[in-house]
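Participant: Here it is, the structure in full.
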Amino acid sequence: MGGEKIKEPRGLRPGGASRVRDEKPWWDTFPWWGLFIALVLAWMAVQIITQDDYALAWERIIPGLRLTIEATIKAFAIALVLGLTAGMGQLSRNVVVRNVARTYVEFIRGIPMLPLIFTVALIVVPETSDYINARLDAWFGFTYEPSFQMRATVTLALIYGAYMAEIFRGGIQSIPPGQSEAGRSLGLTRRQTMRSVVLPQAMRAIIPPLGNDFIAILKDTSLLSVLGVLEITQRGRQFSASTFKFREGYFVVSFIYLCLTLGLSILLGVLERRMTRDRKGER
Amino acid sequence: MAAHGGTGPAQMISLRGLSKTFDRTIHAVVDVDLEVVEGEVVVIVGPSGSGKSTVLRCINLLEVPTEGFVTVDGFELLDPKTDIDHVRAEVGMVFQQFNLFPHLTVIENITLAQRKVRGRSRTEAEEVAVRQLTRVGIPEKADAYPRQLSGGQQQRVAIARSLAMDPKVMLFDEPTSALDPEMVKEVLDVMLELASEGMTMVVVTHEMGFAKAAADRLVFIDEGEIVEVGPPEEVFSNPTHQRTRAFFDKILY
Ligand SMILES: Nc1ncnc2c1ncn2[C@@H]1O[C@H](COP(=O)(O)OP(=O)(O)O)[C@@H](O)[C@H]1O
Ligand SMILES: [Mg+2]
């Protein structure tokens with residue numbers, strides 16, 4: 001140093017420990033949040049096991065889990081089909097198809113979920129089913145009345161279909177045009193090129209956000225409660241309202257959602273890591 | 001090398017009054033006439049943005065011409081009755097950026113269209129693929145993924161992929177422009193051999209060595225128009241147009 005006064009960058013001590021500047025102490029990088037959440041969940045589990053009020057809430061609410069999961073899976077499955085259709089529809093050469101797809105996406109994305117659920121479940125579904133039922137009755141002599149659970153699930157699917165359309169469209173558009181040009185110039189049809197060249201590559205960009213949407217749908221099934229569907233949230237509401245044990249009711253509801261969503265995001269993380277590892281393996 | 005003109009070989013490609021305008025204002029190609037006969041090698045040169053790629057891409061309808069006619073192997077491409085996928089299967093195209101399918105291995109890249117378009121069985125398609133890979137000199141890379149290959153190897157796989165379709169015409173759009181200098185030769189060697197075997201080729205390139213060695217005709221394009229056409233030696237050494245001379249002054253030492 002020759003006695004010169006040099007301004008040291010912070011964290012770098014001349015002649016000091018051999019520690020590299022970027023290396024942080026373990027407590028700086030430790031996932032404290034994970035530990036904290038684990039502790040809270042453990043505390044909740046203990047409450048449910050040991051306290052009668054929590055146990056009662058658990059008993060009353062957990063039967064809704066089946067409905068929640070059922071609605072999530074159904075809505076996700078329908079939304080996938082809608083999303084793929086509308087996503088590719090937006091990229092269609094046909095001006096009508098393109099605009100129908102775009103209208104659907106913009107309509108849905110522009111309206112908050114709650115009013116949409118009311119609109120679809122209380123107006124759109126009854127009116128179309130009245131119309132269809134009149135025909136069914138006249139021609140075949142039977143009618144079909146969709147349950148509120150069905151209506152709400154379909155609404156969720158409609159909403160997430162529009163979000164997924166954007167995911168699919170973005171994924172497909174993220175593939176350089178040279179890829180489909182190469183496919184087409186080999187004589188593959190548009191459809192073959194989409195199936196064998198573009199979509200398999202787009203899946204890498206599509207799967208992670210789709211996973212996030214799955215978790216989002218799971219959480220949004222709680223909105224089904226506004227239609228009286230007896231899923232977890234509705235059961236929590238009923239329990240709390242009838243027993244005045246609000247704390248127990250809503251703690252248990254939150255506990256169940258947290259377990260589900262955290263479990264799913266850990267699963268997703270593993271899946272994503274595996275996808276990127278496969279990719280490295282190709283190098 | 002095949003002769004041209006007279007009562008020689010059959011016509012393979014014919015562009016008549018070809019024009020392509022982008023966004024109503026960009027005149028990329030203006031009234032181009034060009035005939036290519038079977039077995040002929042035509043090299044297209046010209047400044048960047050002069051419309052070389054667009055001309056090439058009109059030959060397999062990756063760009064739809066604004067005006068004019070394109071005939072390939074007797075098929076009128078702009079006739080709605082023409083099955084463009086059928087014609088494209090007969091026209092190989094090699095791109096500057098290789099455009100291999102990154103999610104497929106080399107052999108899968110080469111067998112995909114053979115199976116889906118030519119309807120060949122897996123074994124048959126793989127036999128053809130190995131034969132073409134041997135021809136371009138990298139049979140040992142059959143199971144590699146494109147990203148594991150050098151640029152020169154990738155481009156040779158792209159050539160093999162096109163050749164596996166048994167095309168009647170091969171189009172090359174600056175096939176060596178994206179390559180490191182030491183890999184240019186391995187690709188040009190494959191193309192030279194292909195030319196000597198009598199493949200009909202239209203090649204956009206700045207490699208004047210290749211043009212001299214392989215081209216029957218050199219086409220100089222500027223601002224979307226064909227300015228000059230002739231045997232390469234003649235166009236190099238004795239260009240008749242000022243624009244051609246100016247271009248070669250810039251690129252030749
Ligand atoms: N898809 C496109 N949209 C708009 N302009 C384009 C498109 N493709 C090419 N052009 C324009 O057309 C002209 C010719 O382009 P191109 O054929 O690629 O030239 P070259 O291959 O000789 O460099 C350029 O001005 C280019 O910007
Ligand atoms: Mg070009």
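Convention: chains lettered A, B, ... in structure tokens order; per-chain residue numbering from 1; ligands numbered from 1 as shown.
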Would you kindly report the residues of chain A within 10 Å of chain B, using only C-alpha atoms, as a list of chain:residue names?
Facilitator: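 Every residue meeting the condition is included here: A:Pro176, A:Pro177, A:Gly178, A:Gln179, A:Ser180, A:Glu181, A:Ala182, A:Gly183, A:Arg184, A:Ser185, A:Leu186, A:Gly187, A:Leu188, A:Thr189, A:Arg190, A:Gln192, A:Thr193, A:Ser196, A:Val197, A:Val198, A:Pro200, A:Gln201, A:Arg279, A:Gly281, A:Glu282, A:Arg283.
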Participant: With C-alpha atoms retained, write the just-selected residues as a PDB file, in the first residue's frame.
Facilitator:
```pdb
ATOM      1  CA  PRO A 176     -38.201 -17.642 -33.336  1.00  0.00           C
ATOM      2  CA  PRO A 177     -40.060 -17.580 -36.684  1.00  0.00           C
ATOM      3  CA  GLY A 178     -37.085 -19.358 -38.265  1.00  0.00           C
ATOM      4  CA  GLN A 179     -38.231 -22.527 -36.517  1.00  0.00           C
ATOM      5  CA  SER A 180     -41.588 -22.724 -38.247  1.00  0.00           C
ATOM      6  CA  GLU A 181     -40.019 -21.504 -41.489  1.00  0.00           C
ATOM      7  CA  ALA A 182     -37.613 -24.438 -41.317  1.00  0.00           C
ATOM      8  CA  GLY A 183     -40.533 -26.786 -40.655  1.00  0.00           C
ATOM      9  CA  ARG A 184     -42.657 -25.387 -43.454  1.00  0.00           C
ATOM     10  CA  SER A 185     -39.801 -25.381 -45.950  1.00  0.00           C
ATOM     11  CA  LEU A 186     -39.366 -29.116 -45.317  1.00  0.00           C
ATOM     12  CA  GLY A 187     -42.959 -29.561 -46.461  1.00  0.00           C
ATOM     13  CA  LEU A 188     -44.571 -29.949 -43.026  1.00  0.00           C
ATOM     14  CA  THR A 189     -48.088 -28.514 -42.876  1.00  0.00           C
ATOM     15  CA  ARG A 190     -48.967 -25.672 -40.511  1.00  0.00           C
ATOM     16  CA  GLN A 192     -47.553 -30.537 -38.210  1.00  0.00           C
ATOM     17  CA  THR A 193     -45.134 -27.664 -37.696  1.00  0.00           C
ATOM     18  CA  SER A 196     -43.822 -31.195 -33.763  1.00  0.00           C
ATOM     19  CA  VAL A 197     -41.695 -28.058 -33.911  1.00  0.00           C
ATOM     20  CA  VAL A 198     -43.247 -25.053 -32.160  1.00  0.00           C
ATOM     21  CA  PRO A 200     -42.748 -28.781 -27.838  1.00  0.00           C
ATOM     22  CA  GLN A 201     -40.336 -25.853 -27.607  1.00  0.00           C
ATOM     23  CA  ARG A 279     -31.852 -28.828 -20.744  1.00  0.00           C
ATOM     24  CA  GLY A 281     -27.922 -32.276 -19.985  1.00  0.00           C
ATOM     25  CA  GLU A 282     -28.263 -31.519 -23.673  1.00  0.00           C
ATOM     26  CA  ARG A 283     -25.264 -29.257 -23.675  1.00  0.00           C
TER      27      ARG A 283
END
```
Participant: Would you list the residues that come within 12 Å of ligand 2? Count only C-alpha atoms and all ligand atoms and give the answer as number ranges by chain.
Facilitator: B: 28, 44-57, 95-97, 172-178, 203-206, 221, 224
Participant: By how many Å are atom CA of Ile49 of chain A and atom CA of Leu35 of chain A apart?
Facilitator: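 Spanning atom CA of Ile49 of chain A to atom CA of Leu35 of chain A is a straight-line distance of 20.9 Å.
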Participant: List the spatial neighbours of Glu140 of chain B as a ChimeraX atom specification - criterion: any atom at most 12 Å away, only C-alpha atoms, same-chain residues fewer than 3 positions off excluded.
Facilitator: /B:106-107,129-137,143-144,149,153,157
Participant: Pick out the residues sitting within 10 Å of Phe148 of chain A, and hand them over as a PyMOL selection string; count only C-alpha atoms, and ignore anything fewer than 4 positions along from it in its own chain.
Facilitator: chain A and resi 121-122+125+152-154+224+227-229
Participant: Using only C-alpha atoms, can you tell me which of B:Leu179, B:Leu78, B:Val41, B:Cys58 comes closest to Ala214 of chain B?
Facilitator: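 Of B:Leu179, B:Leu78, B:Val41, B:Cys58, the one nearest Ala214 of chain B is B:Val41, counting only C-alpha atoms.
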Participant: At what distance in Å, to one decimal, does atom CA of Glu70 of chain A lie from atom CA of Gln51 of chain A?
Facilitator: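 If I compute the distance from atom CA of Gln51 of chain A to atom CA of Glu70 of chain A, I get 29.5 Å.
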Participant: Might you pull out every residue within 12 Å of Asp79 of chain B, with only C-alpha atoms counted and same-chain residues fewer than 2 positions away left off, and present them as an NGL selection string?
Facilitator: :B and (61 or 64 or 68-72 or 74-77 or 81-84)
Participant: Here is a test: counting only C-alpha atoms and all ligand atoms, which residue of B:Met170, B:Ile226, B:Met201, B:Ala10 is nearest to ligand 1?
Facilitator: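 Residue with the minimum atom-to-atom distance to ligand 1: B:Ile226.
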Participant: Between B:Pro239, B:Pro9, B:Pro65, B:Pro232, which has the minimum distance to ligand 1 (counting only C-alpha atoms and all ligand atoms)?
Facilitator: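 With only C-alpha atoms and all ligand atoms as the atom set, the closest residue is B:Pro65.
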Participant: Would you return as a PyMOL selection string the members of segment 42-136 of chain B that DSSP assigns to alpha helix (DSSP H) on this structure's backbone?
Facilitator: chain B and resi 52-59+84-90+106-116+122-135
Participant: Using only C-alpha atoms, determine which residues lie at most 7 Å from segment 75-85 of chain A, disregarding the query and same-chain residues fewer than 6 positions distant; provide the list as number ranges by chain.
Facilitator: A: 153-154, 156-158, 160-162, 164-165, 168, 214
Participant: Can you spit out the residues from that selection as an mmCIF file, in the first residue's frame, using N, CA and C atoms?
Facilitator:
```cif
data_model
loop_
_atom_site.group_PDB
_atom_site.id
_atom_site.type_symbol
_atom_site.label_atom_id
_atom_site.label_comp_id
_atom_site.auth_asym_id
_atom_site.auth_seq_id
_atom_site.Cartn_x
_atom_site.Cartn_y
_atom_site.Cartn_z
ATOM 1 N N THR A 153 -67.598 -23.354 -11.350
ATOM 2 C CA THR A 153 -66.397 -23.973 -11.912
ATOM 3 C C THR A 153 -66.205 -23.526 -13.356
ATOM 4 N N VAL A 154 -67.290 -23.499 -14.113
ATOM 5 C CA VAL A 154 -67.204 -23.069 -15.501
ATOM 6 C C VAL A 154 -66.745 -21.607 -15.588
ATOM 7 N N LEU A 156 -64.858 -20.011 -13.408
ATOM 8 C CA LEU A 156 -63.413 -20.006 -13.126
ATOM 9 C C LEU A 156 -62.631 -20.439 -14.356
ATOM 10 N N ALA A 157 -63.119 -21.483 -15.026
ATOM 11 C CA ALA A 157 -62.439 -21.986 -16.216
ATOM 12 C C ALA A 157 -62.422 -20.924 -17.315
ATOM 13 N N LEU A 158 -63.563 -20.218 -17.474
ATOM 14 C CA LEU A 158 -63.628 -19.148 -18.485
ATOM 15 C C LEU A 158 -62.590 -18.075 -18.184
ATOM 16 N N TYR A 160 -59.791 -18.274 -16.223
ATOM 17 C CA TYR A 160 -58.403 -18.707 -16.357
ATOM 18 C C TYR A 160 -58.070 -19.111 -17.785
ATOM 19 N N GLY A 161 -59.095 -19.524 -18.561
ATOM 20 C CA GLY A 161 -58.854 -19.784 -19.975
ATOM 21 C C GLY A 161 -58.295 -18.547 -20.667
ATOM 22 N N ALA A 162 -58.850 -17.385 -20.297
ATOM 23 C CA ALA A 162 -58.381 -16.141 -20.907
ATOM 24 C C ALA A 162 -56.948 -15.828 -20.482
ATOM 25 N N MET A 164 -54.733 -18.060 -19.525
ATOM 26 C CA MET A 164 -53.860 -19.059 -20.144
ATOM 27 C C MET A 164 -53.687 -18.808 -21.637
ATOM 28 N N ALA A 165 -54.717 -18.244 -22.263
ATOM 29 C CA ALA A 165 -54.588 -17.915 -23.686
ATOM 30 C C ALA A 165 -53.362 -17.033 -23.894
ATOM 31 N N PHE A 168 -50.227 -19.188 -23.519
ATOM 32 C CA PHE A 168 -49.967 -19.997 -24.709
ATOM 33 C C PHE A 168 -49.493 -19.117 -25.865
ATOM 34 N N PHE A 214 -52.412 -22.908 -11.808
ATOM 35 C CA PHE A 214 -53.077 -23.991 -11.082
ATOM 36 C C PHE A 214 -53.240 -23.599 -9.611
#
```
Participant: Nearest to ligand 1 among B:Asp222, B:Leu15, B:Lys250, B:Val169, with distances taken over only C-alpha atoms and all ligand atoms: which residue is it?
Facilitator: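 Among the listed residues, the smallest separation from ligand 1 belongs to B:Asp222.
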Participant: Residues at most 12 Å from Val229 of chain B, counting only C-alpha atoms, excluding those fewer than 3 positions away in the same chain, as a list of chain:residue names?
Facilitator: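 Listing them by chain and then by number gives B:Val32, B:Asp33, B:Leu34, B:Glu35, B:Val42, B:Val43, B:Ile44, B:Val45, B:Gly46, B:Ala215, B:Asp216, B:Arg217, B:Leu218, B:Val219, B:Phe220, B:Ile221, B:Asp222, B:Glu225, B:Ile226, B:Pro232, B:Glu233, B:Glu234, B:Val235, B:Phe236, B:Asn238, B:Pro239, B:Thr240, B:His241, B:Thr244.
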Participant: As a VMD selection string, please: all residues of segment 59-233 of chain B that backbone DSSP puts in strand (DSSP E or B).
Facilitator: chain B and resid 67 to 72 75 to 76 91 to 94 169 to 173 200 to 204 217 to 222 225 to 230
